[in-house]
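Have a look at query.txt below; it lists compact mmCIF, C-alpha atoms.
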# COMPACT_ATOMS: atom_id res chain seq x y z
CA MET I 104 -1.21 12.73 2.53
CA PHE I 105 -2.93 10.76 5.24
CA GLU I 106 -4.63 11.87 8.43
CA ILE I 107 -6.45 9.96 11.15
CA LYS I 108 -8.68 11.42 13.86
CA ARG I 109 -10.71 10.02 16.72
CA ASP I 110 -13.64 12.01 18.07
CA GLU I 111 -15.21 12.09 21.53
CA ASN I 112 -17.60 9.26 20.58
CA GLY I 113 -14.69 7.04 19.67
CA THR I 114 -15.36 7.21 15.91
CA ILE I 115 -12.17 7.01 13.87
CA SER I 116 -12.07 9.08 10.66
CA LEU I 117 -9.59 8.32 7.91
CA HIS I 118 -8.55 11.04 5.45
CA GLY I 119 -6.47 10.87 2.29
CA ARG I 120 -4.39 7.88 1.23
CA LEU I 121 -3.53 5.00 3.55
CA ASP I 122 -0.51 3.40 1.90
CA ALA I 123 2.46 1.45 3.24
CA SER I 124 4.40 4.62 4.11
CA GLN I 125 1.52 5.97 6.24
CA VAL I 126 0.39 2.87 8.06
CA ASP I 127 2.46 3.50 11.18
CA SER I 128 0.57 6.70 11.96
CA ALA I 129 -2.71 4.81 11.64
CA ARG I 130 -1.37 2.00 13.81
CA ALA I 131 -0.69 4.46 16.61
CA VAL I 132 -4.44 5.16 16.82
CA PHE I 133 -5.78 1.65 16.15
CA SER I 134 -3.48 0.16 18.76
CA LEU I 135 -5.45 2.10 21.40
CA VAL I 136 -8.80 0.67 20.31
CA THR I 137 -10.08 -1.75 22.95
CA GLU I 138 -13.82 -1.86 22.23
CA SER I 139 -16.22 -1.71 19.30
CA CYS I 140 -16.16 1.50 17.29
CA GLU I 141 -17.01 3.02 13.91
CA VAL I 142 -14.38 3.75 11.27
CA ASP I 143 -15.49 6.43 8.82
CA PHE I 144 -14.01 6.08 5.33
CA ALA I 145 -15.83 9.09 3.82
CA GLU I 146 -12.61 11.04 3.23
CA LEU I 147 -10.37 8.09 2.45
CA SER I 148 -9.49 7.90 -1.25
CA TYR I 149 -7.05 4.98 -1.27
CA ILE I 150 -6.03 1.94 0.77
CA SER I 151 -3.62 -0.91 0.06
CA SER I 152 -2.86 -4.21 1.77
CA ALA I 153 -0.85 -2.36 4.42
CA GLY I 154 -4.00 -0.62 5.66
CA LEU I 155 -6.09 -3.75 5.24
CA GLY I 156 -3.64 -5.65 7.41
CA LEU I 157 -3.91 -3.05 10.14
CA LEU I 158 -7.71 -3.18 10.09
CA PHE I 159 -7.60 -6.97 10.13
CA GLY I 160 -5.34 -7.06 13.17
CA THR I 161 -7.59 -4.64 15.04
CA GLN I 162 -10.70 -6.60 14.12
CA LYS I 163 -9.14 -9.88 15.20
CA LYS I 164 -8.33 -8.38 18.59
CA LEU I 165 -11.85 -6.98 19.03
CA VAL I 166 -13.67 -10.10 17.84
CA ASP I 167 -11.73 -12.19 20.32
CA SER I 168 -13.21 -10.02 23.07
CA GLY I 169 -16.73 -9.98 21.61
CA GLY I 170 -16.59 -6.69 19.73
CA GLY I 171 -15.76 -5.42 16.28
CA LEU I 172 -15.28 -2.47 13.93
CA THR I 173 -18.12 -1.02 11.87
CA LEU I 174 -16.87 0.49 8.61
CA THR I 175 -18.89 3.29 7.02
CA ASN I 176 -18.92 5.37 3.84
CA LEU I 177 -16.54 3.26 1.76
CA SER I 178 -16.01 4.53 -1.78
CA PRO I 179 -16.92 2.11 -4.59
CA HIS I 180 -13.23 1.44 -5.35
CA ILE I 181 -12.37 0.70 -1.73
CA ARG I 182 -15.48 -1.43 -1.30
CA GLU I 183 -14.38 -3.51 -4.27
CA ILE I 184 -10.96 -4.08 -2.68
CA PHE I 185 -12.69 -5.24 0.50
CA GLN I 186 -14.82 -7.66 -1.51
CA ILE I 187 -11.82 -9.09 -3.38
CA ALA I 188 -9.98 -9.52 -0.07
CA GLY I 189 -13.00 -11.27 1.46
CA PHE I 190 -13.18 -8.56 4.10
CA ASP I 191 -16.92 -8.22 3.60
CA ASN I 192 -17.07 -11.55 5.52
CA ILE I 193 -14.98 -10.16 8.34
CA PHE I 194 -16.26 -6.64 8.97
CA GLU I 195 -19.64 -5.06 9.41
CA ILE I 196 -19.80 -2.64 6.48
CA ALA I 197 -22.61 -0.10 6.75
CA MET J 217 1.45 4.92 -27.65
CA ALA J 218 3.16 6.52 -24.66
CA ALA J 219 5.85 5.13 -22.38
CA VAL J 220 7.77 6.47 -19.39
CA SER J 221 10.17 4.99 -16.90
CA GLY J 222 11.72 6.03 -13.61
CA GLU J 223 14.15 4.88 -10.94
CA PHE J 224 13.17 4.91 -7.29
CA ARG J 225 14.91 4.46 -3.98
CA ARG J 226 14.44 0.99 -2.60
CA GLU J 227 12.61 2.25 0.50
CA ILE J 228 9.00 2.14 1.62
CA GLU J 229 9.11 5.92 2.00
CA ALA J 230 9.74 6.25 -1.76
CA ILE J 231 6.19 5.11 -2.50
CA GLY J 232 5.01 8.74 -2.52
CA GLU J 233 7.41 9.49 -5.38
CA VAL J 234 6.15 6.40 -7.20
CA PHE J 235 2.55 7.63 -6.86
CA ALA J 236 3.52 11.08 -8.17
CA PHE J 237 5.15 9.42 -11.17
CA LEU J 238 2.00 7.35 -11.84
CA GLU J 239 -0.27 10.36 -11.39
CA THR J 240 1.66 12.38 -13.97
CA PHE J 241 1.36 9.52 -16.43
CA ALA J 242 -2.34 8.95 -15.71
CA ASP J 243 -3.19 12.64 -16.08
CA GLY J 244 -1.35 12.85 -19.39
CA GLN J 245 -3.13 9.79 -20.71
CA GLU J 246 -6.54 10.69 -19.29
CA ILE J 247 -6.68 7.38 -17.46
CA ASP J 248 -10.04 6.78 -15.78
CA GLU J 249 -10.28 6.98 -11.98
CA LYS J 250 -10.89 3.27 -11.41
CA THR J 251 -7.91 2.20 -13.51
CA ALA J 252 -5.72 4.82 -11.82
CA PHE J 253 -6.71 3.44 -8.40
CA CYS J 254 -5.93 -0.05 -9.62
CA ILE J 255 -2.47 0.74 -10.99
CA ASN J 256 -1.58 2.62 -7.80
CA LEU J 257 -2.45 -0.43 -5.74
CA VAL J 258 -0.75 -2.91 -8.08
CA VAL J 259 2.47 -0.92 -8.21
CA GLU J 260 2.47 -0.28 -4.44
CA GLU J 261 2.04 -3.97 -3.68
CA LEU J 262 4.78 -5.06 -6.08
CA PHE J 263 7.15 -2.25 -5.08
CA THR J 264 6.78 -2.77 -1.33
CA ASN J 265 7.08 -6.52 -1.80
CA MET J 266 10.42 -5.99 -3.53
CA VAL J 267 11.61 -3.64 -0.79
CA ARG J 268 10.59 -5.96 2.05
CA HIS J 269 11.58 -9.32 0.65
CA ASN J 270 14.78 -8.54 -1.18
CA GLU J 271 16.94 -7.19 1.60
CA GLY J 272 20.47 -6.63 0.49
CA GLY J 273 19.43 -5.93 -3.09
CA GLY J 274 20.46 -2.94 -5.16
CA ASP J 275 19.51 0.54 -3.99
CA ARG J 276 17.14 1.26 -6.90
CA ILE J 277 13.98 -0.23 -8.37
CA THR J 278 12.94 0.76 -11.87
CA LEU J 279 9.34 1.21 -12.97
CA SER J 280 8.16 1.51 -16.55
CA ILE J 281 4.64 2.11 -17.79
CA GLU J 282 3.40 2.11 -21.31
CA ARG J 283 -0.01 2.56 -22.89
CA ARG J 284 -0.89 0.64 -26.02
CA ASN J 285 -4.41 1.51 -27.13
CA ASP J 286 -6.68 0.44 -24.27
CA ARG J 287 -4.05 -1.52 -22.34
CA LEU J 288 -1.43 -0.51 -19.83
CA HIS J 289 1.82 -2.43 -19.49
CA LEU J 290 3.78 -1.97 -16.29
CA GLU J 291 7.16 -3.40 -15.41
CA LEU J 292 9.16 -3.33 -12.20
CA VAL J 293 12.78 -4.45 -12.15
CA ASP J 294 14.79 -5.21 -9.02
CA PHE J 295 18.53 -5.76 -9.16
CA ASP J 296 20.95 -8.00 -7.31
CA VAL J 297 18.26 -9.97 -5.51
CA GLU J 298 17.20 -13.53 -4.80
CA PRO J 299 14.41 -14.94 -6.99
CA PHE J 300 10.83 -14.62 -5.77
CA ASP J 301 8.10 -15.80 -8.09
CA PRO J 302 4.76 -14.19 -7.13
CA GLU J 303 2.98 -17.21 -8.59
CA THR J 304 4.29 -19.21 -5.64
CA ALA J 305 2.75 -16.85 -3.08
CA GLU J 306 0.23 -18.46 -0.75
CA VAL J 307 -3.40 -17.76 -1.60
CA PRO J 308 -5.29 -16.36 1.39
CA PRO J 309 -8.59 -18.10 2.30
CA VAL J 310 -10.75 -15.11 1.33
CA GLU J 311 -14.02 -17.05 1.68
CA SER J 312 -13.28 -17.85 5.33
CA GLY J 313 -14.45 -16.08 8.43
CA ILE J 314 -12.01 -14.21 10.61
CA GLU J 315 -11.31 -17.25 12.79
CA ASN J 316 -9.60 -18.97 9.87
CA ARG J 317 -7.77 -15.93 8.49
CA ARG J 318 -4.24 -14.84 9.27
CA PRO J 319 -2.64 -11.43 8.73
CA GLY J 320 -0.65 -10.87 5.55
CA GLY J 321 -0.59 -12.49 2.14
CA LEU J 322 -3.10 -10.12 0.58
CA GLY J 323 -0.82 -7.91 -1.52
CA ILE J 324 0.12 -10.32 -4.30
CA TYR J 325 -3.38 -11.82 -4.22
CA LEU J 326 -4.93 -8.41 -4.88
CA VAL J 327 -2.47 -7.77 -7.71
CA LYS J 328 -3.37 -11.04 -9.42
CA LYS J 329 -7.06 -10.29 -9.11
CA MET J 330 -6.77 -6.79 -10.51
CA VAL J 331 -4.63 -7.30 -13.61
CA ASP J 332 -5.20 -9.21 -16.83
CA GLU J 333 -1.77 -10.80 -16.86
CA LEU J 334 1.25 -11.06 -14.57
CA LYS J 335 4.64 -12.29 -15.76
CA TYR J 336 7.78 -12.97 -13.78
CA ASP J 337 11.29 -13.65 -14.93
CA TYR J 338 14.68 -13.85 -13.25
CA GLU J 339 18.12 -13.62 -14.77
CA THR J 340 20.71 -15.47 -12.73
CA GLY J 341 23.67 -13.66 -14.32
CA ASP J 342 22.98 -10.23 -12.89
CA ARG J 343 20.42 -11.50 -10.34
CA ARG J 344 17.71 -9.35 -11.89
CA MET J 345 14.04 -9.89 -11.15
CA ARG J 346 11.43 -8.49 -13.50
CA ILE J 347 7.69 -8.45 -12.90
CA SER J 348 5.40 -7.18 -15.63
CA VAL J 349 1.66 -6.77 -15.59
CA THR J 350 -0.98 -5.86 -18.16
CA LYS J 351 -4.18 -4.05 -17.30
CA THR J 352 -7.04 -3.12 -19.62
CA LEU J 353 -8.47 0.35 -19.07
CA GLU J 354 -11.88 0.30 -17.40
CA ASN J 355 -13.38 3.07 -19.56

Final structure tokens representation of the file:
Amino acid sequence: MFEIKRDENGTISLHGRLDASQVDSARAVFSLVTESCEVDFAELSYISSAGLGLLFGTQKKLVDSGGGLTLTNLSPHIREIFQIAGFDNIFEIA
Amino acid sequence: MAAVSGEFRREIEAIGEVFAFLETFADGQEIDEKTAFCINLVVEELFTNMVRHNEGGGDRITLSIERRNDRLHLELVDFDVEPFDPETAEVPPVESGIENRRPGGLGIYLVKKMVDELKYDYETGDRRMRISVTKTLEN
């Protein structure tokens, strides 16, 4: 299962497993992001290249306009995937 | 030694069934959490790659997984497809900043980084593609 929420501060929270079959529901939220915001990974247990690609596309759009995503509370396994993918050079990871 | 195999619909939406299959195997073998995460990702990337890039192929993809001591051996077989050797996949510039990165190309790269060995073979007679990987348990 995967769930995505955006609160009144604009923070996006990811819950569950973001795999290729769930990425469209995440895209529906990220496509509305037009300025810098936080993405909370605290409840996310899994992500694959489908989710990474979505985050990359959003970041590219924001960086081009001077902003960016801040990623928080990554699990050790997900942080390792980000490091292998070189995404620690691309995102601010708090 | 334990081995199981299954057949799955050649659709992205079937990935949930693939994960359930892997979870049952991992629970039965007391696979550690990090290795379980890794095999989920490796199988998802290979499975979705087959679904996306082999349009017109057969309607099933088979997945086998076997444990031999501290190593896991996984194999995915796709039928009636064109050859696609993962070794030929472009390597993304992971050391680069975002200005020099493009979307895509990460799936096979992650697989190669996370397994000990990846083998590919293709049989022209029945147009069968087989990808097998070996992964040592983390704990």

Please identify all polymer residues within 10 Å of I:Leu155, counting only C-alpha atoms, omitting same-chain residues fewer than 3 positions from it, and present them as a PyMOL selection string.
(chain I and resi 121-122+126+150-152+158-161+184-185+188+190) or (chain J and resi 319-320+322-323)

Interatomic distance (Å, one decimal) between atom CA of J:Glu233 and atom CA of I:Leu177
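A separation of 25.8 Å between them.
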
Between atom CA of I:Phe144 and atom CA of I:Asn176, what is the distance, to one decimal in Å?
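Taking atom CA of I:Phe144 as the start and atom CA of I:Asn176 as the end point, the length is 5.2 Å.
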
Identify which of the residues I:Leu147, I:Ala129, I:Val136, I:Met104 lies closest to chain J, counting all atoms listed in the file when measuring atom-to-atom distances.
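Closest residue, counting all atoms listed in the file: I:Met104.
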
May I ask which of the residues J:Val349, J:Val297, J:Val327, J:Ile314 is the closest one to chain I, counting all atoms listed in the file?
J:Ile314

For chain J, report every residue with an atom at most 9 Å from chain I (counting all atoms listed in the file), formatted as a PDB file with C-alpha atoms, in the coordinates of the input.
ATOM      1  CA  ILE J 228       9.000   2.140   1.620  1.00  0.00           C
ATOM      2  CA  GLU J 229       9.110   5.920   2.000  1.00  0.00           C
ATOM      3  CA  ALA J 230       9.740   6.250  -1.760  1.00  0.00           C
ATOM      4  CA  ILE J 231       6.190   5.110  -2.500  1.00  0.00           C
ATOM      5  CA  GLY J 232       5.010   8.740  -2.520  1.00  0.00           C
ATOM      6  CA  LYS J 250     -10.890   3.270 -11.410  1.00  0.00           C
ATOM      7  CA  PHE J 253      -6.710   3.440  -8.400  1.00  0.00           C
ATOM      8  CA  CYS J 254      -5.930  -0.050  -9.620  1.00  0.00           C
ATOM      9  CA  ASN J 256      -1.580   2.620  -7.800  1.00  0.00           C
ATOM     10  CA  LEU J 257      -2.450  -0.430  -5.740  1.00  0.00           C
ATOM     11  CA  VAL J 258      -0.750  -2.910  -8.080  1.00  0.00           C
ATOM     12  CA  GLU J 260       2.470  -0.280  -4.440  1.00  0.00           C
ATOM     13  CA  GLU J 261       2.040  -3.970  -3.680  1.00  0.00           C
ATOM     14  CA  THR J 264       6.780  -2.770  -1.330  1.00  0.00           C
ATOM     15  CA  PRO J 308      -5.290 -16.360   1.390  1.00  0.00           C
ATOM     16  CA  PRO J 309      -8.590 -18.100   2.300  1.00  0.00           C
ATOM     17  CA  VAL J 310     -10.750 -15.110   1.330  1.00  0.00           C
ATOM     18  CA  GLU J 311     -14.020 -17.050   1.680  1.00  0.00           C
ATOM     19  CA  SER J 312     -13.280 -17.850   5.330  1.00  0.00           C
ATOM     20  CA  GLY J 313     -14.450 -16.080   8.430  1.00  0.00           C
ATOM     21  CA  ILE J 314     -12.010 -14.210  10.610  1.00  0.00           C
ATOM     22  CA  GLU J 315     -11.310 -17.250  12.790  1.00  0.00           C
ATOM     23  CA  ARG J 318      -4.240 -14.840   9.270  1.00  0.00           C
ATOM     24  CA  PRO J 319      -2.640 -11.430   8.730  1.00  0.00           C
ATOM     25  CA  GLY J 320      -0.650 -10.870   5.550  1.00  0.00           C
ATOM     26  CA  GLY J 321      -0.590 -12.490   2.140  1.00  0.00           C
ATOM     27  CA  LEU J 322      -3.100 -10.120   0.580  1.00  0.00           C
ATOM     28  CA  GLY J 323      -0.820  -7.910  -1.520  1.00  0.00           C
ATOM     29  CA  TYR J 325      -3.380 -11.820  -4.220  1.00  0.00           C
ATOM     30  CA  LEU J 326      -4.930  -8.410  -4.880  1.00  0.00           C
ATOM     31  CA  LYS J 329      -7.060 -10.290  -9.110  1.00  0.00           C
TER      32      LYS J 329
END

Just checking: using all atoms listed in the file, which residue out of J:Val331, J:Leu262, J:Leu279, J:Val307 ends up closest to J:Val220?
J:Leu279

Report, in Å to a single decimal, how far apart atom CA of J:Asp294 and atom CA of J:Glu239 are.
21.8 Å

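Comparing the minimum interatomic distances between J:Asp296 and each of J:Asn265, J:Asn270, J:Thr240, J:Ser221, counting all atoms listed in the file, we find that J:Asn270 sits nearest.
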
For I:Cys140, work out the shell of residues within 10 Å, counting all atoms listed in the file and skipping chain neighbours fewer than 4 positions away, then give it as a ChimeraX atom specification.
/I:112-115,136,165,170-174

Can you tell me which residues surround J:Gly222 at a distance of at most 10 Å, considering only C-alpha atoms, apart from same-chain residues fewer than 4 positions away, and format the answer as an NGL selection string?
:J and (233-234 or 237-238 or 276-281 or 292)

With C-alpha atoms retained, export the selected residues as a PDB file, in the frame of the given file.
ATOM      1  CA  GLU J 233       7.410   9.490  -5.380  1.00  0.00           C
ATOM      2  CA  VAL J 234       6.150   6.400  -7.200  1.00  0.00           C
ATOM      3  CA  PHE J 237       5.150   9.420 -11.170  1.00  0.00           C
ATOM      4  CA  LEU J 238       2.000   7.350 -11.840  1.00  0.00           C
ATOM      5  CA  ARG J 276      17.140   1.260  -6.900  1.00  0.00           C
ATOM      6  CA  ILE J 277      13.980  -0.230  -8.370  1.00  0.00           C
ATOM      7  CA  THR J 278      12.940   0.760 -11.870  1.00  0.00           C
ATOM      8  CA  LEU J 279       9.340   1.210 -12.970  1.00  0.00           C
ATOM      9  CA  SER J 280       8.160   1.510 -16.550  1.00  0.00           C
ATOM     10  CA  ILE J 281       4.640   2.110 -17.790  1.00  0.00           C
ATOM     11  CA  LEU J 292       9.160  -3.330 -12.200  1.00  0.00           C
TER      12      LEU J 292
END

Taking into account all atoms listed in the file, which residue in the set J:Arg344, J:Arg226, J:Glu339, J:Ala252 is nearest to J:Leu288?
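Of J:Arg344, J:Arg226, J:Glu339, J:Ala252, the one nearest J:Leu288 is J:Ala252, counting all atoms listed in the file.
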